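Data from coords.cif: mmCIF, C-alpha atoms
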data_start
loop_
_atom_site.group_PDB
_atom_site.id
_atom_site.type_symbol
_atom_site.label_atom_id
_atom_site.label_comp_id
_atom_site.auth_asym_id
_atom_site.auth_seq_id
_atom_site.Cartn_x
_atom_site.Cartn_y
_atom_site.Cartn_z
ATOM 1 C CA MET Z 855 68.894 -182.592 56.135
ATOM 2 C CA THR Z 856 67.832 -179.580 58.194
ATOM 3 C CA SER Z 857 70.567 -177.179 59.248
ATOM 4 C CA GLN Z 858 70.998 -176.057 62.824
ATOM 5 C CA GLN Z 859 70.022 -172.496 61.855
ATOM 6 C CA GLU Z 860 66.832 -173.779 60.258
ATOM 7 C CA LEU Z 861 66.018 -175.633 63.474
ATOM 8 C CA PHE Z 862 66.640 -172.467 65.517
ATOM 9 C CA ASP Z 863 64.410 -170.496 63.152
ATOM 10 C CA ARG Z 864 61.681 -173.144 63.328
ATOM 11 C CA ALA Z 865 61.825 -173.263 67.129
ATOM 12 C CA ALA Z 866 61.655 -169.463 67.353
ATOM 13 C CA ALA Z 867 58.643 -169.442 65.029
ATOM 14 C CA PHE Z 868 56.941 -172.050 67.222
ATOM 15 C CA ALA Z 869 57.636 -169.987 70.348
ATOM 16 C CA ASN Z 870 56.367 -166.782 68.708
ATOM 17 C CA ALA Z 871 53.190 -168.600 67.677
ATOM 18 C CA GLY Z 872 52.621 -169.821 71.235
ATOM 19 C CA ARG Z 873 53.474 -173.404 70.340
ATOM 20 C CA VAL Z 874 55.866 -173.693 73.248
ATOM 21 C CA ASP Z 875 55.855 -177.488 73.427
ATOM 22 C CA ASP Z 876 56.931 -177.687 69.784
ATOM 23 C CA ALA Z 877 59.553 -175.000 70.392
ATOM 24 C CA PHE Z 878 60.926 -176.927 73.346
ATOM 25 C CA LYS Z 879 61.096 -180.181 71.374
ATOM 26 C CA THR Z 880 62.932 -178.437 68.545
ATOM 27 C CA TYR Z 881 65.495 -176.822 70.855
ATOM 28 C CA ARG Z 882 65.965 -180.194 72.578
ATOM 29 C CA ALA Z 883 66.641 -181.756 69.163
ATOM 30 C CA ILE Z 884 69.426 -179.230 68.647
ATOM 31 C CA LEU Z 885 70.848 -180.096 72.070
ATOM 32 C CA LYS Z 886 70.678 -183.796 71.303
ATOM 33 C CA LYS Z 887 72.852 -183.255 68.214
ATOM 34 C CA ASP Z 888 75.091 -180.699 69.944
ATOM 35 C CA PRO Z 889 75.032 -181.190 73.749
ATOM 36 C CA GLY Z 890 77.352 -178.242 74.326
ATOM 37 C CA ASN Z 891 75.160 -175.725 72.518
ATOM 38 C CA ASP Z 892 74.504 -173.117 75.194
ATOM 39 C CA GLN Z 893 72.258 -171.074 72.912
ATOM 40 C CA ALA Z 894 69.899 -174.032 72.497
ATOM 41 C CA ARG Z 895 70.075 -174.708 76.246
ATOM 42 C CA TYR Z 896 69.267 -171.055 76.983
ATOM 43 C CA ARG Z 897 66.327 -171.147 74.569
ATOM 44 C CA CYS Z 898 65.064 -174.364 76.210
ATOM 45 C CA ALA Z 899 65.213 -172.561 79.543
ATOM 46 C CA VAL Z 900 63.274 -169.568 78.218
ATOM 47 C CA VAL Z 901 60.608 -171.868 76.785
ATOM 48 C CA GLU Z 902 60.382 -173.640 80.141
ATOM 49 C CA LEU Z 903 59.738 -170.252 81.740
ATOM 50 C CA MET Z 904 57.077 -169.555 79.108
ATOM 51 C CA ARG Z 905 55.449 -172.879 80.036
ATOM 52 C CA GLY Z 906 55.445 -171.873 83.717
ATOM 53 C CA ARG Z 907 58.044 -174.504 84.569
ATOM 54 C CA PHE Z 908 60.237 -172.168 86.577
ATOM 55 C CA ARG Z 909 62.286 -174.784 88.449
ATOM 56 C CA GLU Z 910 63.197 -176.567 85.239
ATOM 57 C CA GLY Z 911 64.015 -173.296 83.494
ATOM 58 C CA ALA Z 912 66.141 -172.094 86.409
ATOM 59 C CA LYS Z 913 68.056 -175.375 86.417
ATOM 60 C CA LEU Z 914 68.917 -174.980 82.730
ATOM 61 C CA LEU Z 915 69.860 -171.331 83.216
ATOM 62 C CA ARG Z 916 72.256 -172.260 86.020
ATOM 63 C CA VAL Z 917 73.981 -174.652 83.614
ATOM 64 C CA CYS Z 918 74.252 -171.837 81.063
ATOM 65 C CA LEU Z 919 75.789 -169.549 83.694
ATOM 66 C CA ARG Z 920 78.693 -171.955 84.167
ATOM 67 C CA THR Z 921 80.073 -171.085 80.742
ATOM 68 C CA GLN Z 922 78.665 -167.543 80.465
ATOM 69 C CA PRO Z 923 78.702 -166.101 84.009
ATOM 70 C CA ASP Z 924 78.373 -162.494 82.848
ATOM 71 C CA ASN Z 925 75.660 -162.961 80.227
ATOM 72 C CA SER Z 926 73.019 -160.393 81.150
ATOM 73 C CA ASP Z 927 70.231 -162.249 79.318
ATOM 74 C CA ILE Z 928 70.899 -165.431 81.285
ATOM 75 C CA LEU Z 929 71.182 -163.507 84.559
ATOM 76 C CA TYR Z 930 67.958 -161.622 83.811
ATOM 77 C CA SER Z 931 66.042 -164.780 82.923
ATOM 78 C CA LEU Z 932 67.341 -166.574 86.002
ATOM 79 C CA GLY Z 933 66.409 -163.580 88.140
ATOM 80 C CA ARG Z 934 62.875 -163.625 86.749
ATOM 81 C CA ALA Z 935 62.628 -167.384 87.345
ATOM 82 C CA CYS Z 936 63.779 -166.920 90.937
ATOM 83 C CA LEU Z 937 61.153 -164.202 91.425
ATOM 84 C CA ALA Z 938 58.471 -166.609 90.230
ATOM 85 C CA LEU Z 939 59.784 -169.230 92.654
ATOM 86 C CA GLY Z 940 59.763 -166.786 95.575
ATOM 87 C CA ALA Z 941 63.576 -166.866 95.881
ATOM 88 C CA TYR Z 942 63.800 -163.088 96.144
ATOM 89 C CA GLU Z 943 67.313 -162.810 97.551
ATOM 90 C CA GLU Z 944 68.736 -165.042 94.842
ATOM 91 C CA ALA Z 945 66.742 -163.113 92.233
ATOM 92 C CA THR Z 946 68.191 -159.862 93.550
ATOM 93 C CA ALA Z 947 71.740 -161.197 93.324
ATOM 94 C CA HIS Z 948 71.305 -162.274 89.688
ATOM 95 C CA LEU Z 949 69.519 -159.083 88.706
ATOM 96 C CA VAL Z 950 72.173 -156.868 90.332
ATOM 97 C CA ARG Z 951 74.828 -158.682 88.287
ATOM 98 C CA ALA Z 952 72.714 -158.343 85.143
ATOM 99 C CA THR Z 953 72.269 -154.622 85.791
ATOM 100 C CA ASP Z 954 76.003 -154.218 86.323
ATOM 101 C CA ASN Z 955 76.629 -155.917 82.963
ATOM 102 C CA ALA Z 956 73.853 -154.103 81.079
ATOM 103 C CA PRO Z 957 73.204 -150.795 82.870
ATOM 104 C CA ASP Z 958 71.094 -149.379 80.029
ATOM 105 C CA ARG Z 959 68.441 -152.117 80.026
ATOM 106 C CA ALA Z 960 65.203 -150.910 81.565
ATOM 107 C CA ASP Z 961 63.718 -154.423 81.642
ATOM 108 C CA ILE Z 962 66.508 -155.657 83.901
ATOM 109 C CA ARG Z 963 66.242 -152.628 86.186
ATOM 110 C CA SER Z 964 62.484 -153.034 86.404
ATOM 111 C CA ALA Z 965 62.875 -156.694 87.381
ATOM 112 C CA LEU Z 966 65.398 -155.661 90.029
ATOM 113 C CA GLY Z 967 62.816 -153.188 91.297
ATOM 114 C CA ASP Z 968 60.317 -156.059 91.469
ATOM 115 C CA ALA Z 969 62.760 -158.094 93.548
ATOM 116 C CA HIS Z 970 63.112 -155.275 96.046
ATOM 117 C CA PHE Z 971 59.374 -154.576 96.032
ATOM 118 C CA LEU Z 972 58.541 -158.222 96.750
ATOM 119 C CA GLN Z 973 60.968 -158.201 99.674
ATOM 120 C CA GLY Z 974 59.234 -155.131 101.105
ATOM 121 C CA ALA Z 975 62.137 -152.784 100.316
ATOM 122 C CA LEU Z 976 59.850 -150.144 98.852
ATOM 123 C CA GLU Z 977 62.163 -147.114 98.809
ATOM 124 C CA PRO Z 978 64.948 -148.952 96.924
ATOM 125 C CA ALA Z 979 62.339 -150.458 94.582
ATOM 126 C CA LEU Z 980 60.943 -147.021 93.811
ATOM 127 C CA LYS Z 981 64.402 -145.600 93.054
ATOM 128 C CA ILE Z 982 65.110 -148.512 90.726
ATOM 129 C CA TYR Z 983 61.747 -148.109 88.980
ATOM 130 C CA GLN Z 984 62.473 -144.407 88.514
ATOM 131 C CA ALA Z 985 65.838 -145.235 86.926
ATOM 132 C CA ALA Z 986 64.144 -147.809 84.684
ATOM 133 C CA SER Z 987 61.517 -145.250 83.705
ATOM 134 C CA GLU Z 988 64.230 -142.791 82.710
ATOM 135 C CA LEU Z 989 65.703 -145.453 80.427
ATOM 136 C CA SER Z 990 62.310 -146.357 78.963
ATOM 137 C CA PRO Z 991 59.880 -143.486 79.540
ATOM 138 C CA GLY Z 992 57.283 -145.022 77.226
ATOM 139 C CA ASP Z 993 56.897 -148.272 79.171
ATOM 140 C CA PRO Z 994 53.562 -148.170 81.005
ATOM 141 C CA ARG Z 995 54.384 -151.250 83.089
ATOM 142 C CA ILE Z 996 57.204 -149.405 84.815
ATOM 143 C CA LYS Z 997 54.831 -146.529 85.605
ATOM 144 C CA VAL Z 998 52.362 -149.020 87.107
ATOM 145 C CA ASN Z 999 55.144 -150.528 89.214
ATOM 146 C CA MET Z 1000 56.030 -147.049 90.413
ATOM 147 C CA ALA Z 1001 52.364 -146.412 91.268
ATOM 148 C CA ASN Z 1002 52.247 -149.616 93.308
ATOM 149 C CA ALA Z 1003 55.368 -148.625 95.226
ATOM 150 C CA TYR Z 1004 54.066 -145.102 95.865
ATOM 151 C CA SER Z 1005 50.747 -146.514 97.008
ATOM 152 C CA ARG Z 1006 52.378 -148.982 99.418
ATOM 153 C CA LEU Z 1007 54.427 -146.074 100.775
ATOM 154 C CA GLY Z 1008 51.210 -144.099 101.316
ATOM 155 C CA ASP Z 1009 51.955 -141.403 98.721
ATOM 156 C CA TYR Z 1010 48.652 -141.636 96.862
ATOM 157 C CA THR Z 1011 49.122 -138.375 94.975
ATOM 158 C CA LYS Z 1012 52.285 -139.674 93.302
ATOM 159 C CA ALA Z 1013 50.682 -143.092 92.829
ATOM 160 C CA LEU Z 1014 47.784 -141.502 90.967
ATOM 161 C CA ALA Z 1015 50.177 -139.393 88.875
ATOM 162 C CA ALA Z 1016 52.113 -142.522 87.892
ATOM 163 C CA ILE Z 1017 48.899 -144.341 86.940
ATOM 164 C CA GLU Z 1018 47.771 -141.351 84.887
ATOM 165 C CA ALA Z 1019 51.155 -141.366 83.125
ATOM 166 C CA ALA Z 1020 50.694 -145.072 82.334
ATOM 167 C CA ARG Z 1021 47.175 -144.415 81.018
ATOM 168 C CA ALA Z 1022 48.476 -141.596 78.815
ATOM 169 C CA ILE Z 1023 51.038 -143.960 77.314
ATOM 170 C CA ALA Z 1024 48.655 -146.898 76.846
ATOM 171 C CA PRO Z 1025 45.040 -145.712 77.117
ATOM 172 C CA ASP Z 1026 43.634 -148.966 75.723
ATOM 173 C CA ARG Z 1027 45.387 -151.255 78.199
ATOM 174 C CA PRO Z 1028 43.416 -152.289 81.255
#
Let me see whether you can do it: turn the structure in this file into structure tokens.
Amino acid sequence: MTSQQELFDRAAAFANAGRVDDAFKTYRAILKKDPGNDQARYRCAVVELMRGRFREGAKLLRVCLRTQPDNSDILYSLGRACLALGAYEEATAHLVRATDNAPDRADIRSALGDAHFLQGALEPALKIYQAASELSPGDPRIKVNMANAYSRLGDYTKALAAIEAARAIAPDRP
């Protein structure tokens, strides 16, 4: 008989290999045996997001939030799902809570910047991207986000500087 940990490990290996359907089936098998397993439910949600099934993933994440309302990973994932669904205000609310719970995570701050950017709040987005960049100065994606915000604000000199900083960090990335 396969242990629950072995099933988690197998599902994670499937997900890492891009076999998201197999990963989902394996996490669902865990949930079938243990319907209250929020970790398996969360992992199912993440796999749904990987499969581009944002509504389904968001639904599962909302269930997870009922028992773990301050879990920054769940809030972050739900915020990202809401961004993909165009629910920017809801995304912002989840990402603000995630940032409050995990203030040192650049990925969460960057996603919050995206939420503001997509709502047209460029100045707040830029400030958030700058804070994220301070937390993770080697992340070229944050620099690109900053460049986009600067460009939309009409500050092309700073936009170019941000792009050059991203290129210096990751010269081989298009």
Note to self: Please enumerate the residues selected by the PyMOL selection byres ((chain Z and resi 1027) around 12) when evaluated against the supplied file, formatted as a PyMOL selection string.
What the structure shows: chain Z and resi 993-995+998+1017+1020-1026+1028
Notebook entry, point to check: If we count only C-alpha atoms, what is near Z:Ile884 at a cut-off of 12 Å, once residues fewer than 2 positions away on the same chain are taken out, given as a PyMOL selection string?
Noted result: chain Z and resi 856-865+877-882+886-898
Restricting the output to C-alpha atoms, write the selected residues as a PDB file, keeping the file's coordinate frame.
ATOM      1  CA  THR Z 856      67.832-179.580  58.194  1.00  0.00           C
ATOM      2  CA  SER Z 857      70.567-177.179  59.248  1.00  0.00           C
ATOM      3  CA  GLN Z 858      70.998-176.057  62.824  1.00  0.00           C
ATOM      4  CA  GLN Z 859      70.022-172.496  61.855  1.00  0.00           C
ATOM      5  CA  GLU Z 860      66.832-173.779  60.258  1.00  0.00           C
ATOM      6  CA  LEU Z 861      66.018-175.633  63.474  1.00  0.00           C
ATOM      7  CA  PHE Z 862      66.640-172.467  65.517  1.00  0.00           C
ATOM      8  CA  ASP Z 863      64.410-170.496  63.152  1.00  0.00           C
ATOM      9  CA  ARG Z 864      61.681-173.144  63.328  1.00  0.00           C
ATOM     10  CA  ALA Z 865      61.825-173.263  67.129  1.00  0.00           C
ATOM     11  CA  ALA Z 877      59.553-175.000  70.392  1.00  0.00           C
ATOM     12  CA  PHE Z 878      60.926-176.927  73.346  1.00  0.00           C
ATOM     13  CA  LYS Z 879      61.096-180.181  71.374  1.00  0.00           C
ATOM     14  CA  THR Z 880      62.932-178.437  68.545  1.00  0.00           C
ATOM     15  CA  TYR Z 881      65.495-176.822  70.855  1.00  0.00           C
ATOM     16  CA  ARG Z 882      65.965-180.194  72.578  1.00  0.00           C
ATOM     17  CA  LYS Z 886      70.678-183.796  71.303  1.00  0.00           C
ATOM     18  CA  LYS Z 887      72.852-183.255  68.214  1.00  0.00           C
ATOM     19  CA  ASP Z 888      75.091-180.699  69.944  1.00  0.00           C
ATOM     20  CA  PRO Z 889      75.032-181.190  73.749  1.00  0.00           C
ATOM     21  CA  GLY Z 890      77.352-178.242  74.326  1.00  0.00           C
ATOM     22  CA  ASN Z 891      75.160-175.725  72.518  1.00  0.00           C
ATOM     23  CA  ASP Z 892      74.504-173.117  75.194  1.00  0.00           C
ATOM     24  CA  GLN Z 893      72.258-171.074  72.912  1.00  0.00           C
ATOM     25  CA  ALA Z 894      69.899-174.032  72.497  1.00  0.00           C
ATOM     26  CA  ARG Z 895      70.075-174.708  76.246  1.00  0.00           C
ATOM     27  CA  TYR Z 896      69.267-171.055  76.983  1.00  0.00           C
ATOM     28  CA  ARG Z 897      66.327-171.147  74.569  1.00  0.00           C
ATOM     29  CA  CYS Z 898      65.064-174.364  76.210  1.00  0.00           C
TER      30      CYS Z 898
END
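Excluding stretch 984-988 of chain Z itself and any same-chain residue fewer than 3 positions from it, the protein and nucleic acid residues within 7 Å of it, counting all atoms listed in the file, are Ala960, Arg963, Ser964, Leu980, Lys981, Pro991 and Ile996 of chain Z.
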Margin query: With the PyMOL selection byres ((chain Z and resi 938) around 12) as the selection, what would be picked from this file? Answer as a count of residues only, please.
Written below: 25
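What separates atom CA of Z:Ala869 from atom CA of Z:Tyr930 is a distance of 18.9 Å.
The two atoms in question, atom CA of Z:Leu989 and atom CA of Z:Val901, are spaced 27.1 Å apart.
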Notebook entry, point to check: Near Z:Asn1002, within 9 Å and counting all atoms listed in the file, which residues show up once chain neighbours fewer than 5 positions away are dropped, as a PyMOL selection string?
Noted result: chain Z and resi 997+1007+1013+1016-1017
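Counting only C-alpha atoms, the residue from Z:Leu929, Z:Ile982, Z:Ala866, Z:Leu919 that sits nearest to Z:Ala952 is Z:Leu929.
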Can you pull out every residue within 7 Å of Z:Thr953, counting only C-alpha atoms, but drop anything in the same chain fewer than 4 positions away, and send it as an mmCIF file with C-alpha atoms, in the coordinates of the input?
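What follows is the written file around35.cif:
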data_model
loop_
_atom_site.group_PDB
_atom_site.id
_atom_site.type_symbol
_atom_site.label_atom_id
_atom_site.label_comp_id
_atom_site.auth_asym_id
_atom_site.auth_seq_id
_atom_site.Cartn_x
_atom_site.Cartn_y
_atom_site.Cartn_z
ATOM 1 C CA LEU Z 949 69.519 -159.083 88.706
ATOM 2 C CA PRO Z 957 73.204 -150.795 82.870
ATOM 3 C CA ILE Z 962 66.508 -155.657 83.901
ATOM 4 C CA ARG Z 963 66.242 -152.628 86.186
#
Check: In terms of the shortest atom-to-atom distance over only C-alpha atoms, which of Z:Glu910, Z:Glu1018, Z:Glu943, Z:Asp961 is closest to Z:Gly974?
Finding: Z:Glu943
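Rounded to one decimal, atom CA of Z:Ile928 and atom CA of Z:Ala979 lie 21.8 Å from each other.
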Next item on the list: Show me as JSON, numbers by chain the residues that reach within 6 Å of (74.9, -160.1, 80.9), counting only C-alpha atoms and using the file's own coordinates.
Entry: {"Z": [924, 925, 926, 927, 952, 955]}
Find the axis-aligned box for stretch 930-939 of chain Z, covering all its listed atoms and adding 4 Å on each side, and write its centre and edge lengths in Å to one decimal as lines of an AutoDock Vina configuration file.
center_x = 63.2
center_y = -165.4
center_z = 87.8
size_x = 17.5
size_y = 15.6
size_z = 17.7
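For the residues Z:Glu902, Z:Asp1009, Z:Asp958, Z:Glu977, ranking by smallest atom-to-atom distance to Z:Arg873 using all atoms listed in the file places Z:Glu902 first.
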Some atoms are missing, so please complete stretch 987-998 of chain Z with all heavy atoms and return it as a short mmCIF file (atom, residue, chain, number, x, y, z; two decimals), in the frame of the given file.
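Output saved as rebuild-v4.cif:
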data_model
loop_
_atom_site.label_atom_id
_atom_site.label_comp_id
_atom_site.auth_asym_id
_atom_site.auth_seq_id
_atom_site.Cartn_x
_atom_site.Cartn_y
_atom_site.Cartn_z
N SER Z 987 62.42 -146.13 84.45
CA SER Z 987 61.52 -145.25 83.70
C SER Z 987 62.28 -144.20 82.92
O SER Z 987 61.88 -143.82 81.81
CB SER Z 987 60.53 -144.58 84.66
OG SER Z 987 59.59 -143.82 83.95
N GLU Z 988 63.40 -143.74 83.45
CA GLU Z 988 64.23 -142.79 82.71
C GLU Z 988 64.83 -143.45 81.47
O GLU Z 988 64.97 -142.80 80.43
CB GLU Z 988 65.34 -142.25 83.60
CG GLU Z 988 64.84 -141.28 84.66
CD GLU Z 988 65.92 -140.84 85.63
OE1 GLU Z 988 67.13 -141.03 85.34
OE2 GLU Z 988 65.55 -140.30 86.69
N LEU Z 989 65.16 -144.73 81.57
CA LEU Z 989 65.70 -145.45 80.43
C LEU Z 989 64.63 -145.77 79.39
O LEU Z 989 64.92 -145.85 78.20
CB LEU Z 989 66.37 -146.76 80.89
CG LEU Z 989 67.66 -146.62 81.68
CD1 LEU Z 989 68.06 -147.96 82.28
CD2 LEU Z 989 68.77 -146.07 80.79
N SER Z 990 63.41 -145.99 79.86
CA SER Z 990 62.31 -146.36 78.96
C SER Z 990 61.04 -145.61 79.38
O SER Z 990 60.12 -146.19 79.95
CB SER Z 990 62.09 -147.88 79.03
OG SER Z 990 61.11 -148.27 78.10
N PRO Z 991 61.01 -144.30 79.08
CA PRO Z 991 59.88 -143.49 79.54
C PRO Z 991 58.53 -143.88 78.94
O PRO Z 991 57.49 -143.53 79.49
CB PRO Z 991 60.27 -142.06 79.14
CG PRO Z 991 61.33 -142.20 78.12
CD PRO Z 991 61.99 -143.52 78.34
N GLY Z 992 58.53 -144.62 77.86
CA GLY Z 992 57.28 -145.02 77.23
C GLY Z 992 56.76 -146.37 77.66
O GLY Z 992 55.81 -146.89 77.07
N ASP Z 993 57.34 -146.96 78.71
CA ASP Z 993 56.90 -148.27 79.17
C ASP Z 993 55.86 -148.10 80.28
O ASP Z 993 56.21 -147.74 81.41
CB ASP Z 993 58.09 -149.09 79.67
CG ASP Z 993 57.73 -150.53 79.99
OD1 ASP Z 993 56.56 -150.81 80.30
OD2 ASP Z 993 58.64 -151.38 79.95
N PRO Z 994 54.60 -148.38 79.98
CA PRO Z 994 53.56 -148.17 81.00
C PRO Z 994 53.68 -149.11 82.20
O PRO Z 994 53.26 -148.77 83.30
CB PRO Z 994 52.26 -148.40 80.24
CG PRO Z 994 52.64 -149.27 79.09
CD PRO Z 994 54.04 -148.89 78.73
N ARG Z 995 54.26 -150.30 81.98
CA ARG Z 995 54.38 -151.25 83.09
C ARG Z 995 55.27 -150.69 84.19
O ARG Z 995 55.01 -150.91 85.37
CB ARG Z 995 54.96 -152.58 82.58
CG ARG Z 995 54.02 -153.30 81.62
CD ARG Z 995 54.71 -154.43 80.92
NE ARG Z 995 55.86 -153.86 80.20
CZ ARG Z 995 56.84 -154.55 79.67
NH1 ARG Z 995 56.84 -155.85 79.78
NH2 ARG Z 995 57.82 -153.97 79.03
N ILE Z 996 56.32 -149.99 83.81
CA ILE Z 996 57.20 -149.40 84.82
C ILE Z 996 56.45 -148.34 85.60
O ILE Z 996 56.58 -148.26 86.83
CB ILE Z 996 58.48 -148.85 84.17
CG1 ILE Z 996 59.29 -149.98 83.52
CG2 ILE Z 996 59.33 -148.11 85.21
CD1 ILE Z 996 60.46 -149.51 82.66
N LYS Z 997 55.64 -147.56 84.92
CA LYS Z 997 54.83 -146.53 85.60
C LYS Z 997 53.87 -147.19 86.60
O LYS Z 997 53.67 -146.69 87.71
CB LYS Z 997 54.05 -145.69 84.60
CG LYS Z 997 54.87 -145.03 83.52
CD LYS Z 997 55.57 -143.80 84.00
CE LYS Z 997 56.11 -143.02 82.81
NZ LYS Z 997 57.51 -142.72 82.91
N VAL Z 998 53.27 -148.31 86.20
CA VAL Z 998 52.36 -149.02 87.11
C VAL Z 998 53.13 -149.54 88.32
O VAL Z 998 52.65 -149.45 89.46
CB VAL Z 998 51.63 -150.16 86.36
CG1 VAL Z 998 50.88 -151.07 87.33
CG2 VAL Z 998 50.69 -149.59 85.32
#
